[in-house]
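To be precise, the following lines are input13.pdb, and they hold PDB, C-alpha atoms, pLDDT in the B column.
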```pdb
ATOM      1  CA  MET N 221     -29.016 -31.908 -15.040  1.00 64.00           C
ATOM      2  CA  THR N 222     -28.121 -29.452 -12.304  1.00 87.00           C
ATOM      3  CA  VAL N 223     -27.354 -25.771 -12.757  1.00 92.00           C
ATOM      4  CA  ALA N 224     -26.709 -22.969 -10.283  1.00 93.00           C
ATOM      5  CA  THR N 225     -29.763 -20.957  -9.234  1.00 93.00           C
ATOM      6  CA  VAL N 226     -30.534 -17.868  -7.151  1.00 96.00           C
ATOM      7  CA  GLY N 227     -29.614 -18.523  -3.533  1.00 97.00           C
ATOM      8  CA  ASP N 228     -26.821 -20.990  -4.264  1.00 97.00           C
ATOM      9  CA  SER N 229     -23.514 -20.145  -2.624  1.00 98.00           C
ATOM     10  CA  ALA N 230     -20.070 -21.618  -2.129  1.00 98.00           C
ATOM     11  CA  THR N 231     -16.977 -20.762  -0.092  1.00 98.00           C
ATOM     12  CA  THR N 232     -13.371 -21.839  -0.415  1.00 98.00           C
ATOM     13  CA  HIS N 233     -10.430 -21.140   1.917  1.00 98.00           C
ATOM     14  CA  MET N 234      -6.690 -20.757   1.484  1.00 97.00           C
ATOM     15  CA  THR N 235      -3.896 -19.793   3.852  1.00 98.00           C
ATOM     16  CA  VAL N 236      -1.509 -17.654   1.805  1.00 97.00           C
ATOM     17  CA  SER N 237       2.204 -18.375   2.195  1.00 97.00           C
ATOM     18  CA  THR N 238       5.245 -16.525   0.864  1.00 96.00           C
ATOM     19  CA  ASP N 239       5.893 -19.564  -1.361  1.00 96.00           C
ATOM     20  CA  GLU N 240       2.447 -19.201  -2.948  1.00 95.00           C
ATOM     21  CA  ILE N 241       2.995 -15.475  -3.480  1.00 97.00           C
ATOM     22  CA  GLU N 242       6.339 -16.183  -5.140  1.00 96.00           C
ATOM     23  CA  ASP N 243       4.841 -19.007  -7.236  1.00 96.00           C
ATOM     24  CA  TYR N 244       2.061 -16.670  -8.380  1.00 96.00           C
ATOM     25  CA  ALA N 245       4.625 -13.976  -9.245  1.00 96.00           C
ATOM     26  CA  ALA N 246       6.593 -16.475 -11.321  1.00 96.00           C
ATOM     27  CA  LEU N 247       3.458 -17.839 -13.000  1.00 96.00           C
ATOM     28  CA  VAL N 248       2.136 -14.479 -14.186  1.00 96.00           C
ATOM     29  CA  GLY N 249       5.420 -12.550 -14.389  1.00 96.00           C
ATOM     30  CA  ASP N 250       4.439  -9.918 -11.795  1.00 96.00           C
ATOM     31  CA  ASP N 251       7.562  -9.424  -9.705  1.00 95.00           C
ATOM     32  CA  ASN N 252       6.481  -6.136  -8.105  1.00 97.00           C
ATOM     33  CA  PRO N 253       8.719  -5.790  -5.013  1.00 97.00           C
ATOM     34  CA  LEU N 254       5.613  -5.225  -2.849  1.00 96.00           C
ATOM     35  CA  HIS N 255       4.978  -8.928  -3.390  1.00 97.00           C
ATOM     36  CA  VAL N 256       8.445 -10.473  -3.522  1.00 96.00           C
ATOM     37  CA  ASP N 257      10.889  -8.273  -1.551  1.00 97.00           C
ATOM     38  CA  ASP N 258      10.438  -8.170   2.240  1.00 96.00           C
ATOM     39  CA  GLY N 259      12.907  -5.314   2.719  1.00 97.00           C
ATOM     40  CA  TYR N 260      11.369  -3.124   0.043  1.00 98.00           C
ATOM     41  CA  ALA N 261       7.796  -3.862   1.133  1.00 97.00           C
ATOM     42  CA  ALA N 262       8.630  -3.021   4.767  1.00 97.00           C
ATOM     43  CA  GLU N 263       9.424   0.558   3.706  1.00 97.00           C
ATOM     44  CA  THR N 264       6.083   1.111   1.968  1.00 97.00           C
ATOM     45  CA  MET N 265       2.654   2.153   3.239  1.00 96.00           C
ATOM     46  CA  PHE N 266       1.870  -1.569   3.638  1.00 96.00           C
ATOM     47  CA  GLU N 267       4.767  -2.047   6.099  1.00 96.00           C
ATOM     48  CA  GLY N 268       5.436  -5.528   4.738  1.00 97.00           C
ATOM     49  CA  ARG N 269       4.911  -7.928   1.907  1.00 97.00           C
ATOM     50  CA  ILE N 270       1.423  -8.335   0.459  1.00 98.00           C
ATOM     51  CA  ALA N 271      -0.111 -10.866  -1.911  1.00 98.00           C
ATOM     52  CA  HIS N 272      -1.079  -9.966  -5.459  1.00 97.00           C
ATOM     53  CA  GLY N 273      -4.691  -8.779  -5.513  1.00 96.00           C
ATOM     54  CA  MET N 274      -5.518 -11.357  -8.139  1.00 96.00           C
ATOM     55  CA  LEU N 275      -4.545 -14.190  -5.796  1.00 95.00           C
ATOM     56  CA  PRO N 276      -7.689 -13.830  -3.637  1.00 95.00           C
ATOM     57  CA  ALA N 277      -9.594 -13.054  -6.852  1.00 96.00           C
ATOM     58  CA  GLY N 278      -8.460 -16.459  -8.080  1.00 95.00           C
ATOM     59  CA  LEU N 279     -10.043 -17.983  -4.987  1.00 96.00           C
ATOM     60  CA  VAL N 280     -13.331 -16.440  -6.113  1.00 97.00           C
ATOM     61  CA  SER N 281     -12.938 -18.451  -9.311  1.00 96.00           C
ATOM     62  CA  ALA N 282     -12.351 -21.581  -7.225  1.00 97.00           C
ATOM     63  CA  ALA N 283     -15.528 -20.898  -5.245  1.00 98.00           C
ATOM     64  CA  LEU N 284     -17.490 -20.455  -8.493  1.00 97.00           C
ATOM     65  CA  ALA N 285     -16.285 -23.900  -9.551  1.00 95.00           C
ATOM     66  CA  ASP N 286     -18.025 -25.312  -6.455  1.00 96.00           C
ATOM     67  CA  LEU N 287     -21.471 -24.115  -7.612  1.00 95.00           C
ATOM     68  CA  PRO N 288     -23.753 -26.693  -9.268  1.00 93.00           C
ATOM     69  CA  GLY N 289     -23.221 -27.371 -12.987  1.00 90.00           C
ATOM     70  CA  ASP N 290     -20.483 -25.888 -15.118  1.00 93.00           C
ATOM     71  CA  VAL N 291     -19.854 -22.203 -14.443  1.00 94.00           C
ATOM     72  CA  VAL N 292     -18.114 -19.986 -17.019  1.00 95.00           C
ATOM     73  CA  TYR N 293     -17.025 -16.399 -16.307  1.00 94.00           C
ATOM     74  CA  VAL N 294     -18.609 -13.715 -18.498  1.00 96.00           C
ATOM     75  CA  SER N 295     -17.407 -10.685 -16.485  1.00 97.00           C
ATOM     76  CA  GLN N 296     -16.076  -9.700 -13.069  1.00 97.00           C
ATOM     77  CA  ASP N 297     -15.939  -6.336 -11.308  1.00 97.00           C
ATOM     78  CA  LEU N 298     -13.608  -6.187  -8.303  1.00 97.00           C
ATOM     79  CA  GLU N 299     -12.748  -3.738  -5.583  1.00 98.00           C
ATOM     80  CA  PHE N 300      -9.578  -4.452  -3.625  1.00 97.00           C
ATOM     81  CA  ARG N 301     -10.345  -3.196  -0.121  1.00 98.00           C
ATOM     82  CA  ALA N 302      -7.487  -4.423   2.093  1.00 98.00           C
ATOM     83  CA  PRO N 303      -4.175  -6.225   1.626  1.00 97.00           C
ATOM     84  CA  VAL N 304      -3.639  -9.950   2.089  1.00 98.00           C
ATOM     85  CA  ARG N 305      -0.406 -10.841   3.871  1.00 97.00           C
ATOM     86  CA  PRO N 306       1.602 -14.047   4.149  1.00 97.00           C
ATOM     87  CA  GLY N 307      -0.045 -16.219   6.805  1.00 98.00           C
ATOM     88  CA  ASP N 308      -3.536 -14.809   6.230  1.00 98.00           C
ATOM     89  CA  THR N 309      -6.360 -17.279   5.663  1.00 98.00           C
ATOM     90  CA  VAL N 310      -8.631 -15.992   2.911  1.00 98.00           C
ATOM     91  CA  ALA N 311     -12.247 -17.115   2.608  1.00 98.00           C
ATOM     92  CA  ALA N 312     -13.732 -16.466  -0.845  1.00 98.00           C
ATOM     93  CA  THR N 313     -17.518 -16.631  -1.039  1.00 98.00           C
ATOM     94  CA  VAL N 314     -19.842 -16.440  -4.017  1.00 98.00           C
ATOM     95  CA  GLU N 315     -23.625 -16.106  -3.885  1.00 98.00           C
ATOM     96  CA  VAL N 316     -25.993 -16.219  -6.847  1.00 98.00           C
ATOM     97  CA  VAL N 317     -28.226 -13.149  -6.440  1.00 98.00           C
ATOM     98  CA  GLU N 318     -30.051 -12.796  -9.773  1.00 97.00           C
ATOM     99  CA  ASP N 319     -31.076 -14.872 -12.776  1.00 97.00           C
ATOM    100  CA  LEU N 320     -30.393 -12.726 -15.852  1.00 97.00           C
ATOM    101  CA  GLY N 321     -31.914 -15.223 -18.283  1.00 95.00           C
ATOM    102  CA  GLU N 322     -30.379 -17.356 -21.019  1.00 94.00           C
ATOM    103  CA  GLY N 323     -28.257 -19.196 -18.451  1.00 92.00           C
ATOM    104  CA  GLN N 324     -26.577 -16.038 -17.136  1.00 96.00           C
ATOM    105  CA  LEU N 325     -26.466 -15.317 -13.409  1.00 97.00           C
ATOM    106  CA  ARG N 326     -25.341 -12.324 -11.354  1.00 98.00           C
ATOM    107  CA  VAL N 327     -23.094 -13.414  -8.486  1.00 98.00           C
ATOM    108  CA  ARG N 328     -21.960 -11.434  -5.424  1.00 98.00           C
ATOM    109  CA  THR N 329     -18.256 -12.128  -4.819  1.00 98.00           C
ATOM    110  CA  THR N 330     -16.318 -11.453  -1.621  1.00 98.00           C
ATOM    111  CA  ALA N 331     -13.067 -12.456  -0.006  1.00 98.00           C
ATOM    112  CA  THR N 332     -12.387 -11.954   3.670  1.00 98.00           C
ATOM    113  CA  VAL N 333      -9.572 -12.382   6.157  1.00 98.00           C
ATOM    114  CA  GLY N 334     -11.263 -12.801   9.513  1.00 98.00           C
ATOM    115  CA  ASP N 335     -13.804  -9.982   9.777  1.00 98.00           C
ATOM    116  CA  THR N 336     -12.029  -7.831   7.155  1.00 98.00           C
ATOM    117  CA  THR N 337     -13.318  -7.753   3.588  1.00 98.00           C
ATOM    118  CA  VAL N 338     -10.272  -7.757   1.328  1.00 98.00           C
ATOM    119  CA  LEU N 339     -12.114  -7.997  -1.982  1.00 97.00           C
ATOM    120  CA  SER N 340     -15.685  -7.384  -3.061  1.00 98.00           C
ATOM    121  CA  GLY N 341     -17.406  -7.387  -6.383  1.00 98.00           C
ATOM    122  CA  GLU N 342     -19.911  -8.839  -8.732  1.00 98.00           C
ATOM    123  CA  ALA N 343     -19.613 -11.380 -11.495  1.00 98.00           C
ATOM    124  CA  VAL N 344     -21.796 -12.473 -14.365  1.00 98.00           C
ATOM    125  CA  VAL N 345     -21.448 -16.147 -15.130  1.00 97.00           C
ATOM    126  CA  LEU N 346     -22.948 -18.613 -17.548  1.00 96.00           C
ATOM    127  CA  SER N 347     -24.330 -21.638 -15.709  1.00 92.00           C
ATOM    128  CA  LEU N 348     -24.547 -24.749 -17.846  1.00 89.00           C
ATOM    129  CA  ALA N 349     -25.842 -28.182 -17.024  1.00 82.00           C
ATOM    130  CA  HIS N 350     -22.948 -30.606 -16.977  1.00 68.00           C
ATOM    131  CA  GLU N 351     -23.167 -33.074 -19.822  1.00 68.00           C
ATOM    132  CA  PRO N 352     -20.687 -35.951 -20.066  1.00 66.00           C
ATOM    133  CA  ALA N 353     -18.623 -36.174 -23.247  1.00 67.00           C
ATOM    134  CA  ASP N 354     -20.802 -39.044 -24.537  1.00 66.00           C
ATOM    135  CA  GLY N 355     -23.730 -36.599 -24.794  1.00 59.00           C
ATOM    136  CA  THR N 356     -25.909 -38.188 -22.124  1.00 57.00           C
ATOM    137  CA  CYS N 357     -27.308 -36.179 -19.261  1.00 49.00           C
ATOM    138  CA  GLU N 358     -25.783 -36.923 -15.825  1.00 48.00           C
ATOM    139  CA  ALA N 359     -29.153 -38.181 -14.596  1.00 42.00           C
ATOM    140  CA  GLU N 360     -29.454 -40.453 -17.643  1.00 39.00           C
ATOM    141  CA  ALA N 361     -25.894 -41.799 -17.576  1.00 40.00           C
ATOM    142  CA  GLY N 362     -26.695 -44.620 -15.146  1.00 41.00           C
ATOM    143  CA  ALA N 363     -30.320 -45.185 -16.187  1.00 41.00           C
ATOM    144  CA  ASP N 364     -31.359 -48.324 -18.073  1.00 40.00           C
TER
END
```
Would you kindly transcribe this structure into structure tokens?
Amino acid sequence: MTVATVGDSATTHMTVSTDEIEDYAALVGDDNPLHVDDGYAAETMFEGRIAHGMLPAGLVSAALADLPGDVVYVSQDLEFRAPVRPGDTVAATVEVVEDLGEGQLRVRTTATVGDTTVLSGEAVVLSLAHEPADGTCEAEAGAD
């Protein structure tokens, strides 16, 4: 049975499109004109449309899912440091930095666009060994 341990890391990538921003807005009900109205957003300090901050944060969740075992969020602290714009490719990276005991791990979380950090933070996750529904351990499932 495999679980995440200190030193494990994972990265996922996504190129953000206006369609994905609009889909996210519809999904969560956040129709802030900074995200969905080009004309309005052009007149703001951002000088154009930006993605919801939780969209790159969601990519952090996707990266966590790529760590060994089953990973369950316990908490997440985030700092939004720069906007993500349509056409940007976001790389979300997670790195296990501390074993807190009882299956809990501290994870450094970042999202970047090129050399710019757009999101940084820290998560606490519960790392569980994956066990198939029949109750056998993965390593035992094929053993005779």
Could you give me, as a tab-separated table, every segment 249-275 of chain N residue with an atom at most 9 Å from segment 222-239 of chain N, plus its closest atom pair and distance in Å to one decimal, counting only C-alpha atoms, rows ordered by chain then number?
```
residue	atom	partner	partner_atom	distance
N:His255	CA	N:Thr238	CA	8.7
N:Val256	CA	N:Thr238	CA	8.1
N:Arg269	CA	N:Thr238	CA	8.7
N:Ala271	CA	N:Val236	CA	7.9
N:Leu275	CA	N:Val236	CA	8.9
```
Close residues, segment 298-312 of chain N itself excluded, 10 Å, only C-alpha atoms, min 2 positions apart in chain, as a VMD selection string: chain N and resid 230 to 241 255 266 268 to 284 296 314 329 to 334 336 to 343
Those residues with C-alpha atoms, as a JSON list (two decimals), in the coordinates of the input please?
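Below is the file result-v4.json, written as the result:
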```json
[["chain", "number", "residue", "atom", "x", "y", "z"],
["N", 230, "ALA", "CA", -20.07, -21.62, -2.13],
["N", 231, "THR", "CA", -16.98, -20.76, -0.09],
["N", 232, "THR", "CA", -13.37, -21.84, -0.42],
["N", 233, "HIS", "CA", -10.43, -21.14, 1.92],
["N", 234, "MET", "CA", -6.69, -20.76, 1.48],
["N", 235, "THR", "CA", -3.90, -19.79, 3.85],
["N", 236, "VAL", "CA", -1.51, -17.65, 1.80],
["N", 237, "SER", "CA", 2.20, -18.38, 2.19],
["N", 238, "THR", "CA", 5.24, -16.52, 0.86],
["N", 239, "ASP", "CA", 5.89, -19.56, -1.36],
["N", 240, "GLU", "CA", 2.45, -19.20, -2.95],
["N", 241, "ILE", "CA", 3.00, -15.48, -3.48],
["N", 255, "HIS", "CA", 4.98, -8.93, -3.39],
["N", 266, "PHE", "CA", 1.87, -1.57, 3.64],
["N", 268, "GLY", "CA", 5.44, -5.53, 4.74],
["N", 269, "ARG", "CA", 4.91, -7.93, 1.91],
["N", 270, "ILE", "CA", 1.42, -8.34, 0.46],
["N", 271, "ALA", "CA", -0.11, -10.87, -1.91],
["N", 272, "HIS", "CA", -1.08, -9.97, -5.46],
["N", 273, "GLY", "CA", -4.69, -8.78, -5.51],
["N", 274, "MET", "CA", -5.52, -11.36, -8.14],
["N", 275, "LEU", "CA", -4.54, -14.19, -5.80],
["N", 276, "PRO", "CA", -7.69, -13.83, -3.64],
["N", 277, "ALA", "CA", -9.59, -13.05, -6.85],
["N", 278, "GLY", "CA", -8.46, -16.46, -8.08],
["N", 279, "LEU", "CA", -10.04, -17.98, -4.99],
["N", 280, "VAL", "CA", -13.33, -16.44, -6.11],
["N", 281, "SER", "CA", -12.94, -18.45, -9.31],
["N", 282, "ALA", "CA", -12.35, -21.58, -7.22],
["N", 283, "ALA", "CA", -15.53, -20.90, -5.24],
["N", 284, "LEU", "CA", -17.49, -20.45, -8.49],
["N", 296, "GLN", "CA", -16.08, -9.70, -13.07],
["N", 314, "VAL", "CA", -19.84, -16.44, -4.02],
["N", 329, "THR", "CA", -18.26, -12.13, -4.82],
["N", 330, "THR", "CA", -16.32, -11.45, -1.62],
["N", 331, "ALA", "CA", -13.07, -12.46, -0.01],
["N", 332, "THR", "CA", -12.39, -11.95, 3.67],
["N", 333, "VAL", "CA", -9.57, -12.38, 6.16],
["N", 334, "GLY", "CA", -11.26, -12.80, 9.51],
["N", 336, "THR", "CA", -12.03, -7.83, 7.16],
["N", 337, "THR", "CA", -13.32, -7.75, 3.59],
["N", 338, "VAL", "CA", -10.27, -7.76, 1.33],
["N", 339, "LEU", "CA", -12.11, -8.00, -1.98],
["N", 340, "SER", "CA", -15.68, -7.38, -3.06],
["N", 341, "GLY", "CA", -17.41, -7.39, -6.38],
["N", 342, "GLU", "CA", -19.91, -8.84, -8.73],
["N", 343, "ALA", "CA", -19.61, -11.38, -11.50]]
```
Atom-to-atom span, atom CA of Tyr260 of chain N and atom CA of Tyr244 of chain N, Å: 18.5 Å
Using Å and a single decimal, report how far atom CA of Val345 of chain N sits from atom CA of Glu318 of chain N.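 We find that atom CA of Glu318 of chain N and atom CA of Val345 of chain N lie 10.7 Å from each other.
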Edge lengths and centre in Å to one decimal, as AutoDock Vina command-line options, is what I'm after for the box along x, y and z that holds all listed atoms of segment 333-352 of chain N once 8 Å is added on each side.
```
--center_x -17.7 --center_y -21.7 --center_z -5.1 --size_x 32.3 --size_y 44.6 --size_z 45.8
```
With all atoms listed in the file as the atoms that count, which of N:Val316, N:Val327, N:Leu247, N:Leu348 lies nearest to Asp297 of chain N?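 Among the listed residues, the smallest separation from Asp297 of chain N belongs to N:Val327.
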